[in-house]
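S.K.: Take a look at start20.cif, mmCIF, C-alpha atoms:
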```
data_model
loop_
_atom_site.group_PDB
_atom_site.id
_atom_site.type_symbol
_atom_site.label_atom_id
_atom_site.label_comp_id
_atom_site.auth_asym_id
_atom_site.auth_seq_id
_atom_site.Cartn_x
_atom_site.Cartn_y
_atom_site.Cartn_z
ATOM 1 C CA ALA A 9 1.664 13.548 -9.362
ATOM 2 C CA SER A 10 4.445 14.578 -11.702
ATOM 3 C CA ASP A 11 4.092 18.219 -10.695
ATOM 4 C CA PHE A 12 4.286 17.486 -6.942
ATOM 5 C CA SER A 13 7.252 19.092 -5.151
ATOM 6 C CA LEU A 14 7.746 18.928 -1.397
ATOM 7 C CA MET A 15 10.463 19.906 1.089
ATOM 8 C CA THR A 16 10.255 18.902 4.751
ATOM 9 C CA LEU A 17 12.356 20.592 7.421
ATOM 10 C CA GLY A 18 12.294 19.090 10.876
ATOM 11 C CA MET A 19 13.895 18.709 14.259
ATOM 12 C CA TYR A 20 14.032 15.980 16.906
ATOM 13 C CA ARG A 21 15.054 16.017 20.565
ATOM 14 C CA LYS A 22 14.958 13.366 23.285
ATOM 15 C CA HIS A 23 16.254 13.963 26.797
ATOM 16 C CA ALA A 24 15.974 12.604 30.336
ATOM 17 C CA PHE A 25 16.785 14.469 33.545
ATOM 18 C CA GLY A 26 16.244 12.750 36.862
ATOM 19 C CA ALA A 27 12.868 11.020 36.896
ATOM 20 C CA MET A 28 11.504 13.148 34.036
ATOM 21 C CA ASP A 29 11.951 12.682 30.311
ATOM 22 C CA TYR A 30 10.660 14.135 27.081
ATOM 23 C CA GLU A 31 10.714 13.461 23.347
ATOM 24 C CA PHE A 32 9.881 16.140 20.783
ATOM 25 C CA MET A 33 9.579 16.206 16.986
ATOM 26 C CA GLY A 34 8.484 19.017 14.739
ATOM 27 C CA ALA A 35 8.370 19.400 10.973
ATOM 28 C CA TYR A 36 7.287 22.024 8.462
ATOM 29 C CA GLN A 37 6.501 21.276 4.815
ATOM 30 C CA MET A 38 6.588 23.619 1.861
ATOM 31 C CA GLY A 39 6.459 23.213 -1.870
ATOM 32 C CA SER A 40 3.753 22.862 -4.499
ATOM 33 C CA TYR A 41 0.998 20.295 -4.819
ATOM 34 C CA VAL A 42 -0.271 21.042 -8.317
ATOM 35 C CA ALA A 43 0.021 24.122 -10.475
ATOM 36 C CA ASP A 44 -0.612 27.274 -8.421
ATOM 37 C CA VAL A 45 -1.271 25.369 -5.153
ATOM 38 C CA ASP A 46 1.375 25.952 -2.484
ATOM 39 C CA VAL A 47 1.982 23.491 0.366
ATOM 40 C CA ALA A 48 2.189 24.907 3.905
ATOM 41 C CA ALA A 49 1.795 22.130 6.512
ATOM 42 C CA MET A 50 3.243 21.090 9.850
ATOM 43 C CA MET A 51 3.553 18.261 12.362
ATOM 44 C CA ILE A 52 4.223 18.489 16.105
ATOM 45 C CA PHE A 53 4.781 15.545 18.436
ATOM 46 C CA GLY A 54 5.622 15.624 22.109
ATOM 47 C CA GLU A 55 5.757 13.036 24.876
ATOM 48 C CA PHE A 56 6.455 13.978 28.480
ATOM 49 C CA GLY A 57 7.053 11.210 31.020
ATOM 50 C CA TYR A 58 7.796 10.681 34.681
ATOM 51 C CA THR A 59 9.331 7.525 36.193
ATOM 52 C CA LEU A 60 8.070 6.607 39.668
ATOM 53 C CA ALA A 61 10.109 5.040 42.471
ATOM 54 C CA ASN A 62 8.960 1.519 41.481
ATOM 55 C CA ASN A 63 10.207 2.145 37.874
ATOM 56 C CA ALA A 64 6.661 2.535 36.544
ATOM 57 C CA ARG A 65 6.421 5.324 33.954
ATOM 58 C CA VAL A 66 3.469 7.600 33.294
ATOM 59 C CA ALA A 67 3.405 9.845 30.244
ATOM 60 C CA PHE A 68 1.294 12.285 28.258
ATOM 61 C CA LEU A 69 1.551 12.293 24.449
ATOM 62 C CA MET A 70 0.329 14.816 21.892
ATOM 63 C CA ASP A 71 0.600 14.198 18.146
ATOM 64 C CA TYR A 72 -0.695 16.872 15.745
ATOM 65 C CA THR A 73 -0.666 17.054 11.945
ATOM 66 C CA SER A 74 -2.161 20.078 10.219
ATOM 67 C CA GLY A 75 -5.132 19.813 7.911
ATOM 68 C CA ASP A 76 -6.367 21.728 4.901
ATOM 69 C CA ASP A 77 -9.205 24.147 5.701
ATOM 70 C CA ALA A 78 -10.273 24.202 2.020
ATOM 71 C CA THR A 79 -11.090 27.938 2.119
ATOM 72 C CA ASP A 80 -8.023 28.951 0.106
ATOM 73 C CA ALA A 81 -7.681 27.115 -3.212
ATOM 74 C CA THR A 82 -4.118 28.412 -3.664
ATOM 75 C CA GLU A 83 -2.758 26.757 -0.494
ATOM 76 C CA PHE A 84 -2.849 23.159 0.790
ATOM 77 C CA GLY A 85 -2.318 22.578 4.536
ATOM 78 C CA GLY A 86 -2.587 18.791 4.900
ATOM 79 C CA PHE A 87 0.650 17.293 6.267
ATOM 80 C CA ASN A 88 2.198 14.445 4.219
ATOM 81 C CA ASN A 89 3.585 11.770 6.591
ATOM 82 C CA LEU A 90 6.139 10.633 3.993
ATOM 83 C CA PHE A 91 7.306 7.198 5.277
ATOM 84 C CA TYR A 92 4.742 6.597 7.975
ATOM 85 C CA THR A 93 5.553 4.948 11.318
ATOM 86 C CA GLY A 94 2.332 5.690 13.173
ATOM 87 C CA HIS A 95 2.130 2.328 14.946
ATOM 88 C CA LYS A 96 4.622 3.610 17.514
ATOM 89 C CA PHE A 97 2.659 6.795 18.169
ATOM 90 C CA ARG A 98 -1.049 6.486 17.285
ATOM 91 C CA GLY A 99 -2.240 3.352 19.019
ATOM 92 C CA ALA A 100 -1.820 -0.369 18.451
ATOM 93 C CA MET A 101 -4.875 -0.791 16.208
ATOM 94 C CA ASP A 102 -3.378 1.287 13.358
ATOM 95 C CA TYR A 103 -6.637 2.984 12.371
ATOM 96 C CA PHE A 104 -4.919 6.268 11.510
ATOM 97 C CA VAL A 105 -1.777 5.350 9.588
ATOM 98 C CA GLY A 106 -2.299 7.283 6.372
ATOM 99 C CA ASP A 107 -2.630 10.905 5.397
ATOM 100 C CA ASN A 108 -5.934 12.708 5.387
ATOM 101 C CA ASP A 109 -6.692 16.229 4.234
ATOM 102 C CA GLU A 110 -8.422 17.082 7.523
ATOM 103 C CA GLY A 111 -5.327 16.576 9.734
ATOM 104 C CA LEU A 112 -5.273 14.608 12.989
ATOM 105 C CA MET A 113 -4.869 15.311 16.703
ATOM 106 C CA ASP A 114 -4.029 12.425 19.043
ATOM 107 C CA MET A 115 -3.790 13.011 22.778
ATOM 108 C CA ALA A 116 -2.868 10.023 24.926
ATOM 109 C CA PHE A 117 -1.998 8.944 28.428
ATOM 110 C CA LYS A 118 0.466 6.041 28.733
ATOM 111 C CA PHE A 119 1.501 3.771 31.588
ATOM 112 C CA ASN A 120 4.344 1.195 31.667
ATOM 113 C CA TYR A 121 5.119 -1.047 34.628
ATOM 114 C CA PRO A 122 8.059 -3.500 34.799
ATOM 115 C CA VAL A 123 6.661 -6.345 36.932
ATOM 116 C CA ASN A 124 10.058 -8.058 37.166
ATOM 117 C CA ASP A 125 13.135 -8.628 34.982
ATOM 118 C CA ALA A 126 11.106 -10.681 32.481
ATOM 119 C CA TRP A 127 7.564 -9.253 32.448
ATOM 120 C CA GLY A 128 6.262 -5.765 31.713
ATOM 121 C CA LEU A 129 2.748 -4.335 31.519
ATOM 122 C CA SER A 130 1.594 -1.323 29.526
ATOM 123 C CA ALA A 131 -1.600 0.622 28.904
ATOM 124 C CA ALA A 132 -2.528 3.643 26.793
ATOM 125 C CA ALA A 133 -5.662 5.708 26.264
ATOM 126 C CA HIS A 134 -5.901 7.700 23.007
ATOM 127 C CA MET A 135 -8.357 10.425 21.971
ATOM 128 C CA PHE A 136 -8.447 11.064 18.194
ATOM 129 C CA THR A 137 -10.016 14.152 16.587
ATOM 130 C CA LEU A 138 -9.906 15.831 13.195
ATOM 131 C CA VAL A 139 -8.168 19.205 12.960
ATOM 132 C CA GLU A 140 -10.101 20.763 10.073
ATOM 133 C CA VAL A 141 -13.775 19.976 9.442
ATOM 134 C CA ALA A 142 -16.667 21.667 7.675
ATOM 135 C CA GLU A 143 -18.641 24.092 9.836
ATOM 136 C CA ASP A 144 -21.552 21.698 10.459
ATOM 137 C CA ALA A 145 -19.450 18.495 10.656
ATOM 138 C CA GLU A 146 -18.301 16.481 13.671
ATOM 139 C CA ASP A 147 -14.619 16.215 14.581
ATOM 140 C CA PRO A 148 -14.235 13.353 17.159
ATOM 141 C CA LEU A 149 -12.922 10.225 15.438
ATOM 142 C CA GLY A 150 -12.985 8.085 18.577
ATOM 143 C CA ASN A 151 -11.080 6.753 21.557
ATOM 144 C CA GLU A 152 -8.758 3.763 21.793
ATOM 145 C CA LEU A 153 -7.604 1.757 24.808
ATOM 146 C CA ASP A 154 -4.492 -0.434 24.466
ATOM 147 C CA PHE A 155 -3.279 -3.032 26.978
ATOM 148 C CA ALA A 156 -0.222 -5.275 26.603
ATOM 149 C CA ALA A 157 1.866 -7.762 28.585
ATOM 150 C CA THR A 158 5.400 -8.443 27.352
ATOM 151 C CA TYR A 159 7.790 -11.234 28.298
ATOM 152 C CA THR A 160 11.484 -10.679 27.494
ATOM 153 C CA ASP A 161 14.261 -13.279 27.662
ATOM 154 C CA GLY A 162 17.470 -11.986 26.107
ATOM 155 C CA ALA A 163 16.851 -11.436 22.398
ATOM 156 C CA PHE A 164 13.435 -13.127 22.550
ATOM 157 C CA LYS A 165 10.262 -11.107 23.173
ATOM 158 C CA TRP A 166 6.639 -12.268 23.430
ATOM 159 C CA THR A 167 3.847 -9.657 23.564
ATOM 160 C CA ASN A 168 0.123 -10.217 24.078
ATOM 161 C CA GLY A 169 -2.163 -7.240 23.597
ATOM 162 C CA LEU A 170 -5.809 -6.251 23.719
ATOM 163 C CA SER A 171 -7.157 -3.047 22.167
ATOM 164 C CA MET A 172 -10.618 -1.514 22.077
ATOM 165 C CA PHE A 173 -11.815 1.309 19.814
ATOM 166 C CA MET A 174 -14.919 3.372 20.555
ATOM 167 C CA ALA A 175 -15.937 5.238 17.387
ATOM 168 C CA GLY A 176 -16.740 8.944 17.388
ATOM 169 C CA ASP A 177 -19.103 10.962 15.221
ATOM 170 C CA ALA A 178 -16.708 12.104 12.489
ATOM 171 C CA ASP A 179 -17.202 10.742 8.982
ATOM 172 C CA VAL A 180 -13.926 10.355 7.107
ATOM 173 C CA PRO A 181 -13.782 8.120 4.023
ATOM 174 C CA GLY A 182 -11.102 5.460 4.391
ATOM 175 C CA TYR A 183 -11.086 5.465 8.188
ATOM 176 C CA SER A 184 -12.745 2.533 9.909
ATOM 177 C CA SER A 185 -14.278 4.806 12.528
ATOM 178 C CA SER A 186 -16.397 6.467 9.851
ATOM 179 C CA THR A 187 -18.707 3.456 9.971
ATOM 180 C CA GLY A 188 -19.567 4.298 13.578
ATOM 181 C CA ASP A 189 -18.674 0.765 14.708
ATOM 182 C CA ASN A 190 -16.813 -0.067 17.893
ATOM 183 C CA SER A 191 -14.165 -2.771 17.635
ATOM 184 C CA MET A 192 -11.909 -5.002 19.716
ATOM 185 C CA TRP A 193 -8.626 -6.626 18.737
ATOM 186 C CA PHE A 194 -6.322 -9.176 20.365
ATOM 187 C CA TYR A 195 -2.826 -10.087 19.182
ATOM 188 C CA SER A 196 0.081 -12.268 20.190
ATOM 189 C CA GLN A 197 3.490 -11.454 18.740
ATOM 190 C CA PHE A 198 6.893 -13.139 18.954
ATOM 191 C CA THR A 199 10.077 -11.314 17.997
ATOM 192 C CA ALA A 200 13.733 -12.253 18.174
ATOM 193 C CA GLY A 201 16.816 -10.133 17.653
ATOM 194 C CA PHE A 202 20.104 -11.422 16.264
#
```
When written as structure tokens, how does the structure in this file appear?
M.R.:
Amino acid sequence: ASDFSLMTLGMYRKHAFGAMDYEFMGAYQMGSYVADVDVAAMMIFGEFGYTLANNARVAFLMDYTSGDDATDATEFGGFNNLFYTGHKFRGAMDYFVGDNDEGLMDMAFKFNYPVNDAWGLSAAAHMFTLVEVAEDAEDPLGNELDFAATYTDGAFKWTNGLSMFMAGDADVPGYSSSTGDNSMWFYSQFTAGF
């Protein structure tokens, strides 16, 4: 909208110490959405990992974007993802790549295992819920399981993946889980760097 004004202030930190590592991002948004509606929203992301003796890595991830509770018409709390890169964070199936007024919480467990110099295996389990819902509404969007095997040879990479989504009870227009259907997806991807 022509009267939309938004400022995002954020911070990012990534660090490893010994076998442990973490990555953290946080952002706060302020501005105005339409006349007399102020924006006050935030995003918090954190991933904490531990690398085992066999170079396998286990990690816990939490990704939170605030939602609008709709009780105050003068303030909007839904976080705007700006230029969205959710594929890296919110599961391989890309169900939740846009903005929604209700906000989103994703909690995940991740596992990566380098089989040898060429092959690597990975798995992730995500739990998606809405942040703000009406009093009598449901908030679980669903759970996603992601599995992948990746072959790397220099600049060439070949990944094969399988993902399964088990829909929750929440009803959000525009999200595939709102149909209540479970789904499965397989992909094969080749990439090369120059």
S.K.: For this file, the PyMOL selection byres ((chain A and resi 165) around 6) selects which residues, as a list in words?
M.R.: Tyr159, Thr160, Phe164, Trp166, Phe198 and Thr199 of chain A
S.K.: Restricting the output to C-alpha atoms, write the selected residues as a compact mmCIF listing (two decimals), keeping the file's coordinate frame.
M.R.:
```
# COMPACT_ATOMS: atom_id res chain seq x y z
CA TYR A 159 7.79 -11.23 28.30
CA THR A 160 11.48 -10.68 27.49
CA PHE A 164 13.44 -13.13 22.55
CA TRP A 166 6.64 -12.27 23.43
CA PHE A 198 6.89 -13.14 18.95
CA THR A 199 10.08 -11.31 18.00
```
S.K.: Between CA of Met174 in chain A and CA of Ser74 in chain A, what is the distance, to one decimal in Å?
M.R.: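 Distance between the two atoms: 23.4 Å.
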S.K.: Name the residues that the PyMOL selection byres ((chain A and resi 129) around 9) picks from the file above, as a ChimeraX atom specification, using the file's chain letters and numbers.
M.R.: /A:119-123,127-128,130-131,155-158
S.K.: For Leu14 in chain A, which of A:Ser191, A:Asn88, A:Thr59, A:Ser196 is the closest residue, counting all atoms listed in the file?
M.R.: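 Distance minimum relative to Leu14 in chain A lands on A:Asn88.
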S.K.: Which one of A:Glu55, A:Asp11, A:Glu152, A:Asp44 sits closest to Ala24 in chain A if you count all atoms listed in the file?
M.R.: A:Glu55
S.K.: Between CA of Leu149 in chain A and CA of Gln37 in chain A, what is the distance in Å, rounded to a tenth?
M.R.: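 CA of Leu149 in chain A sits 24.7 Å away from CA of Gln37 in chain A.
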S.K.: Given the file above and the PyMOL selection byres ((chain A and resi 109) around 7), which residues are selected, and can you give them as an mmCIF file with C-alpha atoms, in the coordinates of the input?
M.R.:
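Final output, expr.cif:
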```cif
data_model
loop_
_atom_site.group_PDB
_atom_site.id
_atom_site.type_symbol
_atom_site.label_atom_id
_atom_site.label_comp_id
_atom_site.auth_asym_id
_atom_site.auth_seq_id
_atom_site.Cartn_x
_atom_site.Cartn_y
_atom_site.Cartn_z
ATOM 1 C CA GLY A 75 -5.132 19.813 7.911
ATOM 2 C CA ASP A 76 -6.367 21.728 4.901
ATOM 3 C CA GLY A 86 -2.587 18.791 4.900
ATOM 4 C CA ASP A 107 -2.630 10.905 5.397
ATOM 5 C CA ASN A 108 -5.934 12.708 5.387
ATOM 6 C CA GLU A 110 -8.422 17.082 7.523
ATOM 7 C CA GLY A 111 -5.327 16.576 9.734
#
```
S.K.: Just to confirm, what's the straight-line distance from CA of Asp77 in chain A to CA of Tyr41 in chain A in Å (one decimal)?
M.R.: 15.2 Å
S.K.: Name the closest residue to Met51 in chain A among the candidates A:Tyr36, A:Phe202, A:Trp193, A:Phe25; distances are taken between atoms, counting all atoms listed in the file.
M.R.: A:Tyr36
S.K.: Let me make sure I understand: among A:Asp125, A:Asp29, A:Asp189, A:Ala200, which one has the smallest atom-to-atom distance to Arg65 in chain A if we use all atoms listed in the file?
M.R.: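 Smallest distance to Arg65 in chain A is found for A:Asp29.
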